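Undergrad: One structure is given below, represented as structure tokens, and several questions about it will come after.
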Amino acid sequence: MSDLTNKVAPISDFDWDSYASGEVLSQESREAQQAKYDQTLNAIKDKDVVVGKVISLNKREVVVNVGGKSDGIVSMNEFRYNPDLKIGDEVEVYIESQEDKKGQLTLSHKKARAARSWDRVNEALDSNEVIKGYIKCRTKGGMIVDVFGIEAFLPGSQIDVKPIRDYDVFVGKTMEFKVVKINHEFKNVVVSHKALIEADLERQKKEIISQLQKGQVLEGTVKNITSYGVFIDLGGVDGLIHITDLSWGRVSDPKEVVELDQKINVVILDFDNEKKRIALGLKQLTPHPWDALDPNLKVGDKVKGKVVVMADYGAFVEIAPGVEGLIHVSEMSWSAHLRSAQDFMSVGDTVEAVVLTLDREERKMSLGIKQLKDDPWKDIDTKYAVGSRHTAKVRNFTNFGVFVELEEGVDGLIHISDLSWTKKVKHPSEFTQNGADIEVQVLEIDKETRRLSLGHKQLEDNPWDVFETVFTEGSEHEGTIKEMLDKGAVVELKYGVEGFCTPKHLTKADGSQAKIDETLMFKVIEFNKESKRIILSHSRTFEEGAADEKKETKKRKPSKKAEAQPAQNIEKTTLGDLDALAALKNKLENK
């Protein structure tokens, strides 16, 4: 026992306190192991961005190992843009604090992305890299996308090669994008999803177009409808059906024929390899309506149709889908007064017409509606015989007369000289007015020009037959000067008759000239019934009287028998004149 004690010497620096507490390592061993342990840890600092590995995750948080003494926790919300996140993925995190109040390592993935975002975005633009982004919400003209923590703009036209009608279906989705534009001054980023698939589509288009042939029938889907036509998706390449190729009939709106997403068969009309334009047709898949037109239809047949187009010169009537005929305005009425076609019909009206011309080769047809009524000139000689009297309507004036309409298609002219027996009419508008009714008498019929010569004054007896006996040459009458002209004066006589007096015959007995509105005695020096002209003289009333008086003084005093005879003759003439004048006066007053 003593030998054993002598052989084993006690350790002088043995730490009995540590041994009592359970620690078996020496100070040197502990320090060496601490150094080795520290070498296994990453040297991380606050505010650094490091790469960590996801070691666990749930709906609320993600646990990330960054090689430190402890693992850090990141909110799951910061990984919304990456729904495919899984254990083992490496992610960038920002060291907010190595130890918070609870001694926990605090990390942020969002801040790490923001710190590296602009570098990553610029790298993606330079390298044409495909990146992922999370569509956060809608905005005017497109969407807001979270890319590396930056809010980028996705224009609506860059979402897909197809027009997007519902933007909301994309909100909350993670999609691949390409950065197409960066504005460093305003920190704006524009991304595109369409750019990813355009290259593939371009290859598809070239392949599809290389296999196209004119006349080929393909199935397509209505992709977009515009006012001028319909775009069809042929499976990676688009074609256009122009509005005129949708139907053989007239189409005012393509939506009348097709609807969005509808699958239809189309025929290739033409295509351009360089511009990659494809012209399609839909109506060409059905026979032309003119080929199916009733072979028995001929000129003179009656047809019914719908007015589809109006113009000033006429109306186009569709008698069958794709088969139209023109009713010229001249074929709408027998009247010679051409009016606008809108006065007779409107778009949408259903009308009955007569086929006037029919050209099946040229696919043209002319129609008429006035032919549904009898031509009023067919029995013009009996209905409007010469000498017959009628009521007409004034249509328009010319300097030489009045055009009137007796009925639709029957027109006539009242010459200015046939308006009045006595009134001097300078222009027909002084006598009547447009649209007024006027009584007329048929004077002459011209079937070739389809015109009637009419008269208004002929409804009354010619008062100049009576005037001829009243205003005989040499007779004297009282008159009033109504108008002074360069060549003389217009004098109004009784019964409304007008006469004319030259300047030299307007000299009065005292040598002065007669003036307007002056009433004097005038002698008739000329009466012309045919031209209805009466030439007067005031001077003759006193010049000839003085000359006759001189002659009478030289003559012998007449016998009683000779004196009695002229008196008797004068008395008879005066009585006859008075009867005629009284009858004329009564007639004019009654008028």
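Identifiers in this document derive from the order of the structure tokens: chains are assigned A, B, ..., residues are numbered from 1 separately in each chain, and ligands are numbered from 1 in order of occurrence.
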Using only C-alpha atoms, determine which residues lie at most 8 Å from A:Leu520, disregarding the query and same-chain residues fewer than 6 positions distant; provide the list as a PDB file with all heavy atoms, in the first residue's frame.
TA:
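Dumped everything to around.pdb:
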```pdb
ATOM      1  N   GLU A 478    -109.046 109.391-118.826  1.00  0.00           N
ATOM      2  CA  GLU A 478    -108.276 109.884-117.684  1.00  0.00           C
ATOM      3  C   GLU A 478    -107.296 108.793-117.223  1.00  0.00           C
ATOM      4  O   GLU A 478    -107.654 107.625-117.137  1.00  0.00           O
ATOM      5  CB  GLU A 478    -109.215 110.254-116.537  1.00  0.00           C
ATOM      6  CG  GLU A 478    -108.525 110.966-115.386  1.00  0.00           C
ATOM      7  CD  GLU A 478    -109.504 111.324-114.281  1.00  0.00           C
ATOM      8  OE1 GLU A 478    -109.896 110.395-113.526  1.00  0.00           O
ATOM      9  OE2 GLU A 478    -109.887 112.492-114.197  1.00  0.00           O
ATOM     10  N   GLY A 479    -106.061 109.201-116.928  1.00  0.00           N
ATOM     11  CA  GLY A 479    -105.059 108.232-116.486  1.00  0.00           C
ATOM     12  C   GLY A 479    -104.127 108.835-115.450  1.00  0.00           C
ATOM     13  O   GLY A 479    -103.975 110.047-115.359  1.00  0.00           O
ATOM     14  N   THR A 480    -103.491 107.943-114.679  1.00  0.00           N
ATOM     15  CA  THR A 480    -102.552 108.362-113.631  1.00  0.00           C
ATOM     16  C   THR A 480    -101.171 107.793-113.930  1.00  0.00           C
ATOM     17  O   THR A 480    -101.035 106.590-114.208  1.00  0.00           O
ATOM     18  CB  THR A 480    -103.009 107.870-112.247  1.00  0.00           C
ATOM     19  OG1 THR A 480    -104.330 108.380-111.996  1.00  0.00           O
ATOM     20  CG2 THR A 480    -102.062 108.355-111.161  1.00  0.00           C
ATOM     21  N   HIS A 538    -100.602 112.905-123.831  1.00  0.00           N
ATOM     22  CA  HIS A 538    -101.313 113.978-123.142  1.00  0.00           C
ATOM     23  C   HIS A 538    -101.298 115.247-123.985  1.00  0.00           C
ATOM     24  O   HIS A 538    -102.297 115.988-124.044  1.00  0.00           O
ATOM     25  CB  HIS A 538    -100.672 114.249-121.779  1.00  0.00           C
ATOM     26  CG  HIS A 538    -101.190 115.487-121.121  1.00  0.00           C
ATOM     27  ND1 HIS A 538    -102.502 115.611-120.699  1.00  0.00           N
ATOM     28  CD2 HIS A 538    -100.578 116.678-120.835  1.00  0.00           C
ATOM     29  CE1 HIS A 538    -102.673 116.809-120.170  1.00  0.00           C
ATOM     30  NE2 HIS A 538    -101.517 117.483-120.242  1.00  0.00           N
TER      31      HIS A 538
END
```
Undergrad: Please return as a list in words: the residues of stretch 37-185 of chain A that backbone DSSP assigns to alpha helix (DSSP H).
TA: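 Of stretch 37-185 of chain A, only Tyr37, Asp38, Gln39, Thr40, His109, Lys110, Lys111, Ala112, Arg113, Ala114, Ala115, Arg116, Ser117, Trp118, Asp119, Arg120, Val121, Asn122, Glu123, Ala124, Leu125, Asp126 and Ser127 of chain A fall in alpha helix (DSSP H).
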Undergrad: Using the selection just defined, write its residues with N, CA and C atoms as a short mmCIF file (atom, residue, chain, number, x, y, z; two decimals), in the first residue's frame.
TA:
```cif
data_model
loop_
_atom_site.label_atom_id
_atom_site.label_comp_id
_atom_site.auth_asym_id
_atom_site.auth_seq_id
_atom_site.Cartn_x
_atom_site.Cartn_y
_atom_site.Cartn_z
N TYR A 37 -13.95 24.36 -32.64
CA TYR A 37 -15.39 24.62 -32.85
C TYR A 37 -15.61 25.94 -33.57
N ASP A 38 -14.84 26.93 -33.15
CA ASP A 38 -15.00 28.26 -33.78
C ASP A 38 -14.64 28.21 -35.25
N GLN A 39 -13.69 27.30 -35.60
CA GLN A 39 -13.30 27.19 -37.00
C GLN A 39 -14.43 26.63 -37.87
N THR A 40 -15.33 25.88 -37.22
CA THR A 40 -16.46 25.31 -37.99
C THR A 40 -17.55 26.32 -38.24
N HIS A 109 -34.98 37.89 -45.49
CA HIS A 109 -34.76 37.56 -46.91
C HIS A 109 -35.12 38.75 -47.81
N LYS A 110 -36.14 39.49 -47.41
CA LYS A 110 -36.61 40.65 -48.20
C LYS A 110 -35.51 41.69 -48.32
N LYS A 111 -34.84 41.99 -47.20
CA LYS A 111 -33.78 43.00 -47.23
C LYS A 111 -32.57 42.51 -48.02
N ALA A 112 -32.32 41.21 -47.94
CA ALA A 112 -31.22 40.66 -48.72
C ALA A 112 -31.49 40.80 -50.21
N ARG A 113 -32.75 40.55 -50.61
CA ARG A 113 -33.12 40.71 -52.01
C ARG A 113 -33.03 42.16 -52.44
N ALA A 114 -33.48 43.07 -51.54
CA ALA A 114 -33.44 44.49 -51.87
C ALA A 114 -32.01 44.97 -52.02
N ALA A 115 -31.12 44.46 -51.19
CA ALA A 115 -29.72 44.90 -51.24
C ALA A 115 -29.06 44.45 -52.54
N ARG A 116 -29.48 43.31 -53.03
CA ARG A 116 -28.87 42.79 -54.25
C ARG A 116 -29.74 43.01 -55.49
N SER A 117 -30.95 43.55 -55.27
CA SER A 117 -31.96 43.58 -56.35
C SER A 117 -31.49 44.31 -57.59
N TRP A 118 -31.00 45.54 -57.46
CA TRP A 118 -30.64 46.32 -58.63
C TRP A 118 -29.49 45.69 -59.39
N ASP A 119 -28.56 45.08 -58.63
CA ASP A 119 -27.48 44.37 -59.32
C ASP A 119 -28.03 43.18 -60.09
N ARG A 120 -28.95 42.45 -59.45
CA ARG A 120 -29.52 41.27 -60.10
C ARG A 120 -30.37 41.66 -61.31
N VAL A 121 -31.13 42.76 -61.17
CA VAL A 121 -31.99 43.20 -62.27
C VAL A 121 -31.14 43.61 -63.47
N ASN A 122 -30.08 44.36 -63.23
CA ASN A 122 -29.20 44.79 -64.32
C ASN A 122 -28.49 43.60 -64.95
N GLU A 123 -28.09 42.65 -64.10
CA GLU A 123 -27.47 41.44 -64.64
C GLU A 123 -28.46 40.67 -65.53
N ALA A 124 -29.72 40.59 -65.07
CA ALA A 124 -30.73 39.87 -65.85
C ALA A 124 -31.00 40.54 -67.19
N LEU A 125 -30.99 41.89 -67.21
CA LEU A 125 -31.19 42.62 -68.47
C LEU A 125 -30.03 42.40 -69.42
N ASP A 126 -28.78 42.47 -68.85
CA ASP A 126 -27.60 42.33 -69.71
C ASP A 126 -27.45 40.92 -70.26
N SER A 127 -27.79 39.93 -69.45
CA SER A 127 -27.59 38.54 -69.87
C SER A 127 -28.83 37.92 -70.49
#
```
Undergrad: Would you mind telling me which residue in A:Val266, A:Val50, A:Leu413, A:Arg60 lies nearest to A:Glu96 when using only C-alpha atoms?
TA: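 With only C-alpha atoms as the atom set, the closest residue is A:Val50.
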Undergrad: Determine, counting only C-alpha atoms, which protein, DNA and RNA residues have an atom within 9 Å of an atom of A:Ser335; residues of the same chain fewer than 4 positions away are not included. Present the result as a PyMOL selection string.
TA: chain A and resi 330+405+407-411
Undergrad: Would you mind writing down, as a VMD selection string, each residue of stretch 322-557 of chain A that DSSP on the backbone assigns to strand (DSSP E)?
TA: chain A and resid 323 to 328 350 to 359 364 to 368 389 to 398 401 to 407 410 to 415 437 to 446 451 to 455 476 to 485 488 to 492 498 to 501 519 to 528 533 to 537
Undergrad: For the interface of stretch 275-379 of chain A with stretch 438-456 of chain A (cut-off 12 Å, counting only C-alpha atoms), please tabulate each contacting residue of stretch 275-379 of chain A alongside its nearest pair of atoms and their separation in Å to one decimal, rows sorted by chain and increasing number, as a Markdown table.
TA:
```
| residue | atom | partner | partner_atom | distance |
| --- | --- | --- | --- | --- |
| A:Trp334 | CA | A:Arg450 | CA | 10.6 |
| A:Ser335 | CA | A:Arg450 | CA | 10.2 |
| A:Ala336 | CA | A:Arg450 | CA | 8.9 |
| A:Asp375 | CA | A:Arg450 | CA | 11.1 |
| A:Pro376 | CA | A:Arg450 | CA | 10.1 |
| A:Trp377 | CA | A:Arg450 | CA | 7.4 |
| A:Lys378 | CA | A:Lys447 | CA | 9.4 |
| A:Asp379 | CA | A:Lys447 | CA | 10.5 |
```
Undergrad: Deliver the residues from the most recent selection as a file, using N, CA, C and O atoms, as a JSON list (two decimals), in the first residue's frame.
TA:
```
[["chain", "number", "residue", "atom", "x", "y", "z"],
["A", 334, "TRP", "N", -92.55, 58.51, -110.92],
["A", 334, "TRP", "CA", -92.75, 58.96, -112.30],
["A", 334, "TRP", "C", -92.47, 60.45, -112.44],
["A", 334, "TRP", "O", -92.36, 60.96, -113.55],
["A", 335, "SER", "N", -92.36, 61.14, -111.31],
["A", 335, "SER", "CA", -92.13, 62.58, -111.35],
["A", 335, "SER", "C", -90.78, 62.88, -111.97],
["A", 335, "SER", "O", -89.79, 62.17, -111.77],
["A", 336, "ALA", "N", -90.74, 63.97, -112.75],
["A", 336, "ALA", "CA", -89.48, 64.40, -113.37],
["A", 336, "ALA", "C", -88.61, 65.17, -112.39],
["A", 336, "ALA", "O", -87.46, 65.45, -112.68],
["A", 375, "ASP", "N", -98.07, 54.21, -115.65],
["A", 375, "ASP", "CA", -97.46, 55.45, -116.14],
["A", 375, "ASP", "C", -98.57, 56.47, -116.38],
["A", 375, "ASP", "O", -99.48, 56.22, -117.20],
["A", 376, "PRO", "N", -98.54, 57.61, -115.67],
["A", 376, "PRO", "CA", -99.63, 58.59, -115.84],
["A", 376, "PRO", "C", -99.70, 59.17, -117.25],
["A", 376, "PRO", "O", -100.73, 59.74, -117.62],
["A", 377, "TRP", "N", -98.65, 59.02, -118.05],
["A", 377, "TRP", "CA", -98.67, 59.56, -119.41],
["A", 377, "TRP", "C", -99.29, 58.58, -120.41],
["A", 377, "TRP", "O", -99.43, 58.90, -121.59],
["A", 378, "LYS", "N", -99.64, 57.41, -119.91],
["A", 378, "LYS", "CA", -100.21, 56.40, -120.82],
["A", 378, "LYS", "C", -101.54, 56.87, -121.40],
["A", 378, "LYS", "O", -101.82, 56.68, -122.58],
["A", 379, "ASP", "N", -102.38, 57.49, -120.58],
["A", 379, "ASP", "CA", -103.69, 57.98, -121.06],
["A", 379, "ASP", "C", -103.77, 59.49, -120.88],
["A", 379, "ASP", "O", -104.82, 60.03, -120.52]]
```
Undergrad: Just give me the gap between atom CA of A:Asp510 and atom CA of A:Val470 in Å, one decimal is fine.
TA: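 We find that atom CA of A:Asp510 and atom CA of A:Val470 lie 29.2 Å from each other.
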Undergrad: Counting only C-alpha atoms, which of A:Ser333, A:Ser537, A:Asn128, A:Ser346 gets nearest to A:Lys178?
TA: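 Closest residue, counting only C-alpha atoms: A:Asn128.
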Undergrad: Quick one, how far is atom CA of A:Val267 from atom CA of A:Lys214?
TA: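 Interatomic distance, atom CA of A:Val267 to atom CA of A:Lys214: 7.8 Å.
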Undergrad: Given the choices A:Asn399, A:Asn58, A:Gln262, A:Asn82, which gets closest to A:Gly133 if the distance is worked out from only C-alpha atoms?
TA: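 For A:Gly133, the nearest of the candidates is A:Asn82.
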Undergrad: Given the choices A:Val130, A:Val145, A:Ala320, A:Ile150, which gets closest to A:Ile197 if the distance is worked out from only C-alpha atoms?
TA: A:Val130
Undergrad: Nearest residue to A:Val329 out of A:Glu518, A:Asp312, A:Glu256, A:Glu498, using only C-alpha atoms?
TA: A:Asp312
Undergrad: Interatomic distance between atom CA of A:Arg389 and atom CA of A:Ser531?
TA: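 Atom CA of A:Arg389 sits 25.2 Å away from atom CA of A:Ser531.
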